Amino acid sequence: MLNRSAYGYSINDTTQITHLFYMDDLKLFARGRAQLEGELELVRKFSADIGMTLGVEKCATVTVRRGKIVDEGDLRMRDGTEIKSLSNEETYKYLGIQQTFDIRTEENKQQAKTELLRRTKLIFKSQLSAKNKILAINIWAIPSFTYTSAVLSWSKTDLQLIDRKIRTEMTASGLLHPNSAVERLYLPRKEGGRGLTSIEDACWKNKLDLKKYFASKHLPLHQWIATQGDLPAIAETFSEDIPATENTLENLRQGWQTKQLHGRFYASLHQDKVDLTASNTYLTQGYLFPQTEGTLFAIQDQVVPTRNYVKHIMKKSIDNTRCRLCNSAEETVQHLSAGCPTIAGTRYLSRHDGMGKVVHQLLCINKKLLQHFTPHHLYVPSPIEENETFKIYWDFAITTDRGVEHNRPDMVV
């Protein structure tokens with residue numbers, strides 16, 4: 001009805017706009033007060049016909065002449081209802097953006113950043129698991145910001161600084177080591193990453209989607225918008241054949257792979273006989289505490305302060321880089337996790353038996369030696385489990401015809 005009317009504001013000789021309408025938010029454009037009153041009366045009558053009313057307490061008018069806001073007083077509708085007029089200093093919110101005659105970019109940008117960080121900090125203070133905290137940021141915090149990406153003029157530097165601020169908050173909450181591989185933070189969990197959405201990438205994708213939307217429409221208004229601002233140049237940033245997200249992910253993989261220190265874990269994950277999906281189950285299921293996950297990533301990225309790391313990476317003066325436990329080899333992550341003889345009979349044995357318990361219990365249940373499942377952290381294997389058909393020994397010395405040095409296998413079935 002509005003489009004068929006004679007009302008509206010002419011942008012140029014071929015393009016006219018009467019209104020913007022999204023859900024229940026309506027903005028009217030008119031060439032003067034008389035036209036605006038006519039549009040409002042049309043909307044009021046239609047609303048009454050369908051059993052709805054205008055929320056006049058949320059309505060306001062702005063009159064612009066020769067590029068300046070002028071105060072013509074409140075507008076009275078034909079049913080006697082008044083709609084207030086905004087002054088020069090007042091703003092109103094339309095689709096989440098504070099505006100009047102123009103959009104106050106700096107004010108809106110500051111509000112968007114403040115709201116994003118407020119939500120992020122609330123999530124970090126919650127008791128969610130590691131994966132769910134990242135999901136909450138992606139679903140609840142980041143969209144409140146990217147909503148403004150195609151409306152406000154965010155520079156690449158602005159967006160990178162905000163990404164960095166989120167990483168700083170993660171570090172302060174114990175979720176991220178400051179020297180861990182940044183690339184892993186934004187890669188999917190099934191690939192060994194954390195699955196966080198990058199503000200920079202999300203905003204560029206939103207702009208690209210908006211450009212494609214307007215370019216696909218044929219109304220004069222849509223075509224006019226598609227030629228404005230930086231929208232025409234956005235699509236050229238990405239290949240038409242490869243989605244922007246895939247370009248970004250490939251760059252992240254390459255960045256992680258080529259790093260001399262962090263890339264060692266990438267190389268380990270991508271060996272021929274390594275099952276990448278199974279190896280990242282702890283990430284995709286997401287049951288770890290956030291701080292635990294952050295510590296695991298620091299160990300995998302080899303940024304924990306071993307003596308070798310402190311001297312050769314942090315470039316600090318240190319006399320001895322040998323292991324402080326055994327003093328027989330260089331103190332590296334690899335040595336501490338699997339090669340130190342001092343903790344072989346304690347830490348390594350406990351870790352080894354912890355995995356063995358899982359196999360032992362499942363074998364016993366499979367062979368009907370046990371009837372009920374016990375959580376693995378509570379399960380204590382018996383030295384011998386047997387029935388008429390099977391016998392399973394656990395950590396049991398086996399007497400052999402010919403003497404052997406290592407005669408105490410983990411399990412014998």
# chains A, B, ... in the order shown; residues from 1 in each chain; ligands from 1
>>> closest_atom_pairs(of="stretch 260-292 of chain A", to="stretch 112-134 of chain A", cutoff="10 Å", atoms="only C-alpha atoms", output="Markdown table")
| residue | atom | partner | partner_atom | distance |
| --- | --- | --- | --- | --- |
| A:Tyr282 | CA | A:Lys131 | CA | 9.8 |
| A:Leu283 | CA | A:Lys131 | CA | 7.2 |
| A:Thr284 | CA | A:Lys131 | CA | 7.7 |
| A:Gln285 | CA | A:Lys131 | CA | 7.7 |
| A:Gly286 | CA | A:Lys131 | CA | 4.6 |
| A:Tyr287 | CA | A:Ser129 | CA | 6.0 |
| A:Leu288 | CA | A:Ala130 | CA | 5.9 |
| A:Phe289 | CA | A:Ser129 | CA | 5.2 |
| A:Pro290 | CA | A:Ala130 | CA | 4.0 |
| A:Gln291 | CA | A:Ala130 | CA | 7.7 |
| A:Thr292 | CA | A:Ala130 | CA | 8.4 |
>>> closest_atom_pairs(of="stretch 317-379 of chain A", to="stretch 408-413 of chain A", cutoff="12 Å", atoms="only C-alpha atoms", output="JSON lines")
{"residue": "A:Leu349", "atom": "CA", "partner": "A:Asp410", "partner_atom": "CA", "distance": 10.8}
{"residue": "A:His352", "atom": "CA", "partner": "A:Asp410", "partner_atom": "CA", "distance": 9.4}
{"residue": "A:Asp353", "atom": "CA", "partner": "A:Asp410", "partner_atom": "CA", "distance": 8.0}
{"residue": "A:Gly354", "atom": "CA", "partner": "A:Asp410", "partner_atom": "CA", "distance": 11.3}
{"residue": "A:Met355", "atom": "CA", "partner": "A:Asp410", "partner_atom": "CA", "distance": 10.6}
{"residue": "A:Gly356", "atom": "CA", "partner": "A:Asp410", "partner_atom": "CA", "distance": 7.3}
{"residue": "A:Lys357", "atom": "CA", "partner": "A:Asp410", "partner_atom": "CA", "distance": 9.6}
{"residue": "A:Val358", "atom": "CA", "partner": "A:Met411", "partner_atom": "CA", "distance": 11.8}
{"residue": "A:Val359", "atom": "CA", "partner": "A:Met411", "partner_atom": "CA", "distance": 9.3}
{"residue": "A:His360", "atom": "CA", "partner": "A:Met411", "partner_atom": "CA", "distance": 7.5}
{"residue": "A:Gln361", "atom": "CA", "partner": "A:Met411", "partner_atom": "CA", "distance": 11.2}
{"residue": "A:Leu363", "atom": "CA", "partner": "A:Val413", "partner_atom": "CA", "distance": 9.0}
{"residue": "A:Cys364", "atom": "CA", "partner": "A:Val413", "partner_atom": "CA", "distance": 9.7}
{"residue": "A:Lys367", "atom": "CA", "partner": "A:Val413", "partner_atom": "CA", "distance": 10.1}
{"residue": "A:Leu369", "atom": "CA", "partner": "A:Val413", "partner_atom": "CA", "distance": 11.6}
>>> closest_residue(among="A:Cys203, A:Arg164, A:Cys323, A:Glu169", to="A:Ile343", atoms="only C-alpha atoms")
A:Cys323
>>> residues_around(residues="A:Thr148", least_positions_apart="4", cutoff="9 Å", atoms="only C-alpha atoms", output="list in words")
Gly96, Ile97, Asn108, Lys109, Ala112, Pro143, Ser144, Leu152, Ser153, Trp154 and Cys203 of chain A
>>> write_last_selection(atoms="all heavy atoms", output="mmCIF file, in the first residue's frame")
data_model
loop_
_atom_site.group_PDB
_atom_site.id
_atom_site.type_symbol
_atom_site.label_atom_id
_atom_site.label_comp_id
_atom_site.auth_asym_id
_atom_site.auth_seq_id
_atom_site.Cartn_x
_atom_site.Cartn_y
_atom_site.Cartn_z
ATOM 1 N N GLY A 96 18.866 -1.989 16.202
ATOM 2 C CA GLY A 96 20.075 -2.090 17.004
ATOM 3 C C GLY A 96 21.082 -0.978 16.811
ATOM 4 O O GLY A 96 22.117 -0.968 17.471
ATOM 5 N N ILE A 97 20.804 -0.010 15.924
ATOM 6 C CA ILE A 97 21.759 1.068 15.648
ATOM 7 C C ILE A 97 21.167 2.400 16.095
ATOM 8 O O ILE A 97 20.068 2.764 15.687
ATOM 9 C CB ILE A 97 22.099 1.135 14.140
ATOM 10 C CG1 ILE A 97 22.683 -0.201 13.656
ATOM 11 C CG2 ILE A 97 23.075 2.271 13.860
ATOM 12 C CD1 ILE A 97 24.015 -0.557 14.249
ATOM 13 N N ASN A 108 28.194 4.412 18.110
ATOM 14 C CA ASN A 108 27.696 3.055 17.900
ATOM 15 C C ASN A 108 28.817 2.019 17.972
ATOM 16 O O ASN A 108 28.625 0.917 18.488
ATOM 17 C CB ASN A 108 26.990 2.956 16.544
ATOM 18 C CG ASN A 108 25.558 3.454 16.607
ATOM 19 O OD1 ASN A 108 24.681 2.813 17.167
ATOM 20 N ND2 ASN A 108 25.319 4.632 16.040
ATOM 21 N N LYS A 109 29.993 2.362 17.441
ATOM 22 C CA LYS A 109 31.117 1.428 17.491
ATOM 23 C C LYS A 109 31.529 1.152 18.932
ATOM 24 O O LYS A 109 31.819 0.002 19.299
ATOM 25 C CB LYS A 109 32.298 1.996 16.690
ATOM 26 C CG LYS A 109 32.095 1.908 15.179
ATOM 27 C CD LYS A 109 33.153 2.670 14.420
ATOM 28 C CE LYS A 109 34.491 1.987 14.429
ATOM 29 N NZ LYS A 109 35.449 2.649 13.497
ATOM 30 N N ALA A 112 28.960 -1.139 20.508
ATOM 31 C CA ALA A 112 29.070 -2.515 20.002
ATOM 32 C C ALA A 112 30.237 -3.244 20.666
ATOM 33 O O ALA A 112 30.112 -4.412 21.069
ATOM 34 C CB ALA A 112 29.239 -2.507 18.482
ATOM 35 N N PRO A 143 27.603 -12.423 17.526
ATOM 36 C CA PRO A 143 26.549 -11.855 16.657
ATOM 37 C C PRO A 143 26.088 -10.468 17.073
ATOM 38 O O PRO A 143 25.653 -9.692 16.219
ATOM 39 C CB PRO A 143 25.414 -12.882 16.786
ATOM 40 C CG PRO A 143 26.105 -14.165 17.086
ATOM 41 C CD PRO A 143 27.254 -13.785 17.981
ATOM 42 N N SER A 144 26.167 -10.140 18.359
ATOM 43 C CA SER A 144 25.776 -8.795 18.795
ATOM 44 C C SER A 144 26.693 -7.735 18.190
ATOM 45 O O SER A 144 26.319 -6.571 18.074
ATOM 46 C CB SER A 144 25.817 -8.703 20.323
ATOM 47 O OG SER A 144 27.156 -8.722 20.808
ATOM 48 N N LEU A 152 28.288 -0.029 10.131
ATOM 49 C CA LEU A 152 29.334 0.849 10.644
ATOM 50 C C LEU A 152 30.638 0.584 9.891
ATOM 51 O O LEU A 152 30.883 -0.519 9.416
ATOM 52 C CB LEU A 152 29.538 0.611 12.136
ATOM 53 C CG LEU A 152 28.286 0.743 13.012
ATOM 54 C CD1 LEU A 152 28.619 0.457 14.470
ATOM 55 C CD2 LEU A 152 27.668 2.126 12.874
ATOM 56 N N SER A 153 31.478 1.592 9.805
ATOM 57 C CA SER A 153 32.726 1.467 9.029
ATOM 58 C C SER A 153 33.853 0.938 9.914
ATOM 59 O O SER A 153 34.594 1.703 10.523
ATOM 60 C CB SER A 153 33.114 2.828 8.434
ATOM 61 O OG SER A 153 33.207 3.807 9.465
ATOM 62 N N TRP A 154 33.943 -0.387 9.996
ATOM 63 C CA TRP A 154 35.016 -1.019 10.766
ATOM 64 C C TRP A 154 36.226 -1.224 9.855
ATOM 65 O O TRP A 154 36.117 -1.811 8.787
ATOM 66 C CB TRP A 154 34.563 -2.371 11.311
ATOM 67 C CG TRP A 154 33.444 -2.299 12.300
ATOM 68 C CD1 TRP A 154 32.128 -2.550 12.067
ATOM 69 C CD2 TRP A 154 33.560 -1.956 13.681
ATOM 70 N NE1 TRP A 154 31.405 -2.390 13.216
ATOM 71 C CE2 TRP A 154 32.253 -2.020 14.233
ATOM 72 C CE3 TRP A 154 34.618 -1.603 14.509
ATOM 73 C CZ2 TRP A 154 31.991 -1.746 15.560
ATOM 74 C CZ3 TRP A 154 34.363 -1.322 15.833
ATOM 75 C CH2 TRP A 154 33.061 -1.391 16.354
ATOM 76 N N CYS A 203 32.874 -10.505 10.079
ATOM 77 C CA CYS A 203 32.409 -9.213 9.554
ATOM 78 C C CYS A 203 32.565 -9.137 8.041
ATOM 79 O O CYS A 203 31.669 -8.648 7.340
ATOM 80 C CB CYS A 203 33.171 -8.078 10.229
ATOM 81 S SG CYS A 203 32.673 -7.783 11.946
#
>>> atom_distance(atom1="atom CA of A:Phe29", atom2="atom CA of A:Ala226")
19.9 Å
>>> select_by_dssp(residues="stretch 12-231 of chain A", states="helix (DSSP H, G or I)", output="NGL selection string")
:A and (33-49 or 56-58 or 105-125 or 130-146 or 156-172 or 182-186 or 189-191 or 199-216 or 220-226 or 231)
>>> residues_around(residues="A:Asp71", least_positions_apart="2", cutoff="12 Å", atoms="only C-alpha atoms", output="PyMOL selection string")
chain A and resi 33+61-65+68-69+73-75+84-90
>>> atom_distance(atom1="atom CA of A:Tyr92", atom2="atom CA of A:Cys59")
8.8 Å
>>> atom_distance(atom1="atom CA of A:Ser155", atom2="atom CA of A:Phe101")
23.2 Å
>>> select_by_dssp(residues="stretch 14-56 of chain A", states="strand (DSSP E)", output="PyMOL selection string")
chain A and resi 16-17+19-22+25-28
>>> residues_around(residues="stretch 48-56 of chain A", least_positions_apart="5", cutoff="12 Å", atoms="only C-alpha atoms", output="list in words")
Asp24, Asp25, Leu26, Leu40, Glu41, Leu42, Val43, Thr61, Asp74, Leu75, Arg76, Met77, Asp79, Gly80, Thr81, Glu82, Ile83, Lys84 and Ser85 of chain A
>>> write_last_selection(atoms="N, CA and C atoms", output="compact mmCIF listing (two decimals), in the first residue's frame")
# COMPACT_ATOMS: atom_id res chain seq x y z
N ASP A 24 8.41 -6.00 13.17
CA ASP A 24 7.44 -4.99 13.62
C ASP A 24 8.08 -3.61 13.73
N ASP A 25 9.27 -3.44 13.11
CA ASP A 25 9.95 -2.14 13.13
C ASP A 25 9.77 -1.46 11.78
N LEU A 26 9.11 -0.30 11.79
CA LEU A 26 8.77 0.41 10.55
C LEU A 26 9.35 1.82 10.58
N LEU A 40 1.43 8.01 7.82
CA LEU A 40 1.07 7.54 9.16
C LEU A 40 -0.41 7.18 9.24
N GLU A 41 -1.25 7.96 8.57
CA GLU A 41 -2.68 7.65 8.58
C GLU A 41 -2.95 6.34 7.85
N LEU A 42 -2.26 6.12 6.75
CA LEU A 42 -2.41 4.86 6.02
C LEU A 42 -2.01 3.68 6.90
N VAL A 43 -0.87 3.83 7.61
CA VAL A 43 -0.40 2.75 8.49
C VAL A 43 -1.37 2.56 9.66
N THR A 61 9.76 11.36 15.31
CA THR A 61 9.93 11.93 13.97
C THR A 61 11.20 12.78 13.93
N ASP A 74 6.02 18.34 17.92
CA ASP A 74 5.45 16.99 17.84
C ASP A 74 4.42 16.90 16.72
N LEU A 75 4.29 15.71 16.16
CA LEU A 75 3.37 15.49 15.06
C LEU A 75 2.06 14.90 15.60
N ARG A 76 0.94 15.53 15.25
CA ARG A 76 -0.38 15.06 15.70
C ARG A 76 -1.04 14.27 14.57
N MET A 77 -1.40 13.03 14.88
CA MET A 77 -2.09 12.19 13.90
C MET A 77 -3.58 12.55 13.89
N ASP A 79 -6.15 10.89 14.55
CA ASP A 79 -6.97 10.41 15.67
C ASP A 79 -6.63 11.11 16.96
N GLY A 80 -5.77 12.15 16.89
CA GLY A 80 -5.41 12.93 18.07
C GLY A 80 -4.13 12.47 18.75
N THR A 81 -3.61 11.35 18.38
CA THR A 81 -2.38 10.84 19.00
C THR A 81 -1.18 11.67 18.54
N GLU A 82 -0.26 11.94 19.49
CA GLU A 82 0.91 12.73 19.17
C GLU A 82 2.18 11.86 19.17
N ILE A 83 3.06 12.15 18.22
CA ILE A 83 4.36 11.49 18.15
C ILE A 83 5.42 12.56 18.35
N LYS A 84 6.32 12.30 19.31
CA LYS A 84 7.30 13.34 19.65
C LYS A 84 8.32 13.55 18.54
N SER A 85 8.91 14.74 18.54
CA SER A 85 9.95 15.08 17.57
C SER A 85 11.30 15.05 18.29
>>> residues_around(residues="stretch 263-278 of chain A", least_positions_apart="2", cutoff="8 Å", atoms="only C-alpha atoms", output="JSON, numbers by chain")
{"A": [190, 191, 256, 257, 258, 259, 260, 261, 280, 281, 300, 301]}
